Amino acid sequence: MSNEELWQAVLAQLQFQISPANFATWLKNTYILSKKDGELLISVPNNFSKEWLENKYNKPIFRIIRELDGEIRELRYTVGAPPQQPKPAQPTQRAAVSAPPTPQLELEELKIDHATNLNPKYTFDTFVVGPFNELAHAASLAICKTPGSVYNPFFVYGGVGLGKTHLLQAIGGKIAEGFAEKRIRYMTSERFTTGVVSAIRNHAMDNFRSLYRELDVLIIDDIQFLAGKDKTQEELFHTFNALYERGKQIIFSSDRPPKSIPAMEERLRSRFEGGMIADISNPDFESRLAILKTKIAEYNIEVADDVCEYIVSHIQRNIRELEGALNRLLAFHRLNNKTPTLQEARTLLRSVIQNPSRVVSPKKIMQTVAEFYDLKEREIIAISRKKEVVRPRQIAMYLLREELKSSYPLIGKRFGGKDHTTAIYACEKISKEIQESESFFDEINLIKQRIYNG
Ligand code: ADP
Ligand code: MG
């Protein structure tokens, strides 16, 4: 195995242990510089990466490497120049039809357009549509035809890795294609927050405002991160009004519907609800299969049907994980020059395939519920009767009962030593409400998704 192949194989496995954001940050532009006397020297782009890899990721990396190459006994990191690979310099130009890419891992794309923040890799062409996302997709296409006039604002929500960013980016890209004169900007809500904070600090608020208010299309991703950020919310509210009044298109995404975002100003929430709201749910079997096959086709390799079906019947949680499995197939293909058989795929994917009886701990449930409602875990455990705490507590009790079949006395005990009748009351109340309110049912499902996904 060449150094390059070895490193690719390491990265392919490592991405399952590291969040995509961290993966891109710490592992971009890393490669093996040399392998000598059992020592592997890894080149990293800067001191930050070096520190992180040494202190935080060295163990998992080492473990993976040992499996691949038992001779290696030590890893060292050194700051070096990235490999000399000329990068295309024109970010806005779309790639002409070219030879299919050779199988390789998709690391961070470097082609992001700086004026719009749009990444050309996310298009409608590569967006697979199924029952789980067809409403959001149809609304998106309508918006691209006449931005600002139908569905405004447009609010898309759904769990992690289900295609929100892809869809928002595709909308931006398609509007850019159809309307060259329109000024479009895609932002994460963190980025928007940073903008507000630095504008305040530098007394540059006017400048900041006029920058946003000149836009024709404003896209803000993951709006749930604005929870509790009052100043940013206020600024967004004014930006929203200024754009909306002039018929400009505004698009938001979130991991939950507007009414379930905690600590969100009422007036902003009602703006979100004033337009079109579409959700993306978990893809069904056929959709997952279609997505996997589409992605496989992009790499121009052949994967047997039984292998594809094996993958999609075992990876059900989200599309990002499907891509993770695909990357393993690609790494396998690189190393062996063939695609795996079903038997090989089983081995290859063993550590990513979820075990249906994956253990969820009570702590995980309590933490997730608390986090969902923007509370501390200890707040929902304590005896407070404050309304904003009581309800999440009841939900946590209900989920302990439903998901773990915990006994009522035990549930009561977990929450500050309450009586089992309190637990029974909570569980009955919540399950009744779930039957009565569809939106509450959705809310509970979002929490469950997080419990199992996170
Ligand atoms: P989210 O923003 O909801 O967390 P992303 O948009 O980042 O999810 O999607 C995760 C990955 O799955 C991305 O690489 C994206 O391209 C891919 N993906 C999501 N939805 C689809 C789809 N409908 N068809 C094809 N690929 C998809
Ligand atoms: Mg996203």
# chains A, B, ... in the order shown; residues from 1 in each chain; ligands from 1

$ residues_near_ligand --ligand "ligand 1" --cutoff "7 Å" --atoms "only C-alpha atoms and all ligand atoms" --output "number ranges by chain"
A: 122, 126-129, 158-167, 291, 319-320, 323

$ write_last_selection --atoms "C-alpha atoms" --output "tab-separated table (two decimals), in the first residue's frame"
chain	number	residue	atom	x	y	z
A	122	TYR	CA	-24.67	21.38	-4.28
A	126	THR	CA	-27.46	15.79	-7.68
A	127	PHE	CA	-30.40	16.17	-5.32
A	128	VAL	CA	-32.48	13.01	-5.25
A	129	VAL	CA	-36.19	13.55	-4.69
A	158	GLY	CA	-35.44	18.57	9.29
A	159	GLY	CA	-32.89	16.52	11.23
A	160	VAL	CA	-29.15	16.38	10.74
A	161	GLY	CA	-27.75	15.19	7.43
A	162	LEU	CA	-31.04	15.13	5.56
A	163	GLY	CA	-30.21	17.68	2.88
A	164	LYS	CA	-31.17	21.13	4.17
A	165	THR	CA	-27.87	22.75	3.32
A	166	HIS	CA	-27.75	20.98	-0.02
A	167	LEU	CA	-31.21	22.27	-0.91
A	291	ILE	CA	-29.51	8.27	-3.37
A	319	ILE	CA	-27.84	10.75	4.07
A	320	ARG	CA	-24.52	11.89	5.42
A	323	GLU	CA	-22.10	8.96	2.05

$ residues_around --residues "Ser189 (chain A)" --least-positions-apart "3" --cutoff "6 Å" --atoms "only C-alpha atoms" --output "list in words"
Phe192, Ile220, Asp221, Asp222 and Ile223 of chain A

$ atom_distance --atom1 "CA of Thr422 (chain A)" --atom2 "CA of Ile447 (chain A)"
21.7 Å

$ atom_distance --atom1 "CA of Phe285 (chain A)" --atom2 "CA of Gly172 (chain A)"
28.9 Å

$ closest_residue --among "A:Ser260, A:Ser2, A:Gln169, A:Ser407" --to "Ser439 (chain A)" --atoms "only C-alpha atoms"
A:Ser260

$ select_by_dssp --residues "region 242-293 of chain A" --states "strand (DSSP E or B)" --output "PDB file with C-alpha atoms, in the first residue's frame"
ATOM      1  CA  GLN A 249     -36.538  36.331  -1.259  1.00  0.00           C
ATOM      2  CA  ILE A 250     -35.588  35.099   2.205  1.00  0.00           C
ATOM      3  CA  ILE A 251     -34.853  31.478   2.989  1.00  0.00           C
ATOM      4  CA  PHE A 252     -34.163  29.786   6.304  1.00  0.00           C
ATOM      5  CA  SER A 253     -33.371  26.319   7.505  1.00  0.00           C
ATOM      6  CA  SER A 254     -33.550  24.855  10.968  1.00  0.00           C
ATOM      7  CA  MET A 276     -43.994  28.564   3.427  1.00  0.00           C
ATOM      8  CA  ILE A 277     -42.774  25.892   5.824  1.00  0.00           C
ATOM      9  CA  ALA A 278     -41.619  22.554   4.461  1.00  0.00           C
ATOM     10  CA  ASP A 279     -40.001  19.676   6.258  1.00  0.00           C
ATOM     11  CA  ILE A 280     -37.555  17.030   5.175  1.00  0.00           C
TER      12      ILE A 280
END

$ closest_residue --among "A:Val156, A:Ile32, A:Val150, A:Leu335" --to "ligand 2" --atoms "only C-alpha atoms and all ligand atoms"
A:Val156

$ decode --residues "region 132-211 of chain A" --atoms "C-alpha atoms" --output "PDB file, in the first residue's frame"
ATOM      1  CA  PHE A 132     -39.438  12.405   2.249  1.00  0.00           C
ATOM      2  CA  ASN A 133     -38.397  15.689   0.689  1.00  0.00           C
ATOM      3  CA  GLU A 134     -40.629  16.296  -2.295  1.00  0.00           C
ATOM      4  CA  LEU A 135     -42.602  19.152  -0.823  1.00  0.00           C
ATOM      5  CA  ALA A 136     -39.454  21.046   0.120  1.00  0.00           C
ATOM      6  CA  HIS A 137     -38.022  20.298  -3.300  1.00  0.00           C
ATOM      7  CA  ALA A 138     -41.102  21.442  -5.216  1.00  0.00           C
ATOM      8  CA  ALA A 139     -41.320  24.662  -3.252  1.00  0.00           C
ATOM      9  CA  SER A 140     -37.627  25.276  -3.880  1.00  0.00           C
ATOM     10  CA  LEU A 141     -38.027  24.913  -7.622  1.00  0.00           C
ATOM     11  CA  ALA A 142     -40.976  27.304  -7.605  1.00  0.00           C
ATOM     12  CA  ILE A 143     -38.873  29.853  -5.752  1.00  0.00           C
ATOM     13  CA  CYS A 144     -36.094  29.566  -8.299  1.00  0.00           C
ATOM     14  CA  LYS A 145     -38.496  30.475 -11.090  1.00  0.00           C
ATOM     15  CA  THR A 146     -39.759  33.677  -9.501  1.00  0.00           C
ATOM     16  CA  PRO A 147     -37.737  34.535  -6.432  1.00  0.00           C
ATOM     17  CA  GLY A 148     -39.454  36.755  -3.900  1.00  0.00           C
ATOM     18  CA  SER A 149     -42.964  36.249  -5.121  1.00  0.00           C
ATOM     19  CA  VAL A 150     -44.246  32.811  -4.150  1.00  0.00           C
ATOM     20  CA  TYR A 151     -43.261  31.201  -0.827  1.00  0.00           C
ATOM     21  CA  ASN A 152     -41.647  34.077   0.980  1.00  0.00           C
ATOM     22  CA  PRO A 153     -40.080  33.516   3.415  1.00  0.00           C
ATOM     23  CA  PHE A 154     -39.298  29.883   2.827  1.00  0.00           C
ATOM     24  CA  PHE A 155     -38.517  27.840   5.923  1.00  0.00           C
ATOM     25  CA  VAL A 156     -37.125  24.300   5.611  1.00  0.00           C
ATOM     26  CA  TYR A 157     -36.609  22.095   8.617  1.00  0.00           C
ATOM     27  CA  GLY A 158     -35.440  18.566   9.295  1.00  0.00           C
ATOM     28  CA  GLY A 159     -32.894  16.516  11.227  1.00  0.00           C
ATOM     29  CA  VAL A 160     -29.152  16.383  10.737  1.00  0.00           C
ATOM     30  CA  GLY A 161     -27.754  15.194   7.429  1.00  0.00           C
ATOM     31  CA  LEU A 162     -31.045  15.130   5.562  1.00  0.00           C
ATOM     32  CA  GLY A 163     -30.212  17.677   2.878  1.00  0.00           C
ATOM     33  CA  LYS A 164     -31.165  21.127   4.165  1.00  0.00           C
ATOM     34  CA  THR A 165     -27.868  22.748   3.319  1.00  0.00           C
ATOM     35  CA  HIS A 166     -27.748  20.980  -0.019  1.00  0.00           C
ATOM     36  CA  LEU A 167     -31.212  22.270  -0.912  1.00  0.00           C
ATOM     37  CA  LEU A 168     -30.597  25.842   0.241  1.00  0.00           C
ATOM     38  CA  GLN A 169     -27.362  25.978  -1.681  1.00  0.00           C
ATOM     39  CA  ALA A 170     -28.997  24.523  -4.765  1.00  0.00           C
ATOM     40  CA  ILE A 171     -31.659  27.225  -4.652  1.00  0.00           C
ATOM     41  CA  GLY A 172     -29.002  29.916  -4.446  1.00  0.00           C
ATOM     42  CA  GLY A 173     -27.067  28.389  -7.329  1.00  0.00           C
ATOM     43  CA  LYS A 174     -30.086  28.037  -9.544  1.00  0.00           C
ATOM     44  CA  ILE A 175     -31.260  31.587  -8.951  1.00  0.00           C
ATOM     45  CA  ALA A 176     -27.751  32.765  -9.762  1.00  0.00           C
ATOM     46  CA  GLU A 177     -27.930  30.888 -13.052  1.00  0.00           C
ATOM     47  CA  GLY A 178     -31.335  32.219 -13.983  1.00  0.00           C
ATOM     48  CA  PHE A 179     -30.906  35.796 -12.806  1.00  0.00           C
ATOM     49  CA  ALA A 180     -27.374  37.009 -13.291  1.00  0.00           C
ATOM     50  CA  GLU A 181     -28.159  40.445 -11.867  1.00  0.00           C
ATOM     51  CA  LYS A 182     -29.500  39.237  -8.554  1.00  0.00           C
ATOM     52  CA  ARG A 183     -27.343  39.564  -5.491  1.00  0.00           C
ATOM     53  CA  ILE A 184     -27.483  36.372  -3.498  1.00  0.00           C
ATOM     54  CA  ARG A 185     -25.937  35.491  -0.192  1.00  0.00           C
ATOM     55  CA  TYR A 186     -25.832  32.219   1.665  1.00  0.00           C
ATOM     56  CA  MET A 187     -24.902  32.376   5.349  1.00  0.00           C
ATOM     57  CA  THR A 188     -24.776  30.064   8.260  1.00  0.00           C
ATOM     58  CA  SER A 189     -26.465  31.605  11.245  1.00  0.00           C
ATOM     59  CA  GLU A 190     -23.156  31.539  13.104  1.00  0.00           C
ATOM     60  CA  ARG A 191     -21.669  33.649  10.405  1.00  0.00           C
ATOM     61  CA  PHE A 192     -24.544  36.080  10.601  1.00  0.00           C
ATOM     62  CA  THR A 193     -24.069  36.291  14.367  1.00  0.00           C
ATOM     63  CA  THR A 194     -20.354  36.949  13.993  1.00  0.00           C
ATOM     64  CA  GLY A 195     -21.194  39.707  11.530  1.00  0.00           C
ATOM     65  CA  VAL A 196     -23.552  41.377  13.966  1.00  0.00           C
ATOM     66  CA  VAL A 197     -21.138  41.098  16.862  1.00  0.00           C
ATOM     67  CA  SER A 198     -18.201  42.525  14.967  1.00  0.00           C
ATOM     68  CA  ALA A 199     -20.318  45.305  13.459  1.00  0.00           C
ATOM     69  CA  ILE A 200     -21.331  46.317  16.959  1.00  0.00           C
ATOM     70  CA  ARG A 201     -17.797  46.158  18.230  1.00  0.00           C
ATOM     71  CA  ASN A 202     -16.428  48.195  15.339  1.00  0.00           C
ATOM     72  CA  HIS A 203     -19.266  50.694  15.259  1.00  0.00           C
ATOM     73  CA  ALA A 204     -19.972  49.586  11.725  1.00  0.00           C
ATOM     74  CA  MET A 205     -23.614  48.758  12.030  1.00  0.00           C
ATOM     75  CA  ASP A 206     -24.710  51.032   9.186  1.00  0.00           C
ATOM     76  CA  ASN A 207     -22.298  49.386   6.896  1.00  0.00           C
ATOM     77  CA  PHE A 208     -23.427  45.937   7.972  1.00  0.00           C
ATOM     78  CA  ARG A 209     -27.065  46.820   7.435  1.00  0.00           C
ATOM     79  CA  SER A 210     -26.647  48.277   4.007  1.00  0.00           C
ATOM     80  CA  LEU A 211     -24.649  45.222   2.970  1.00  0.00           C
TER      81      LEU A 211
END
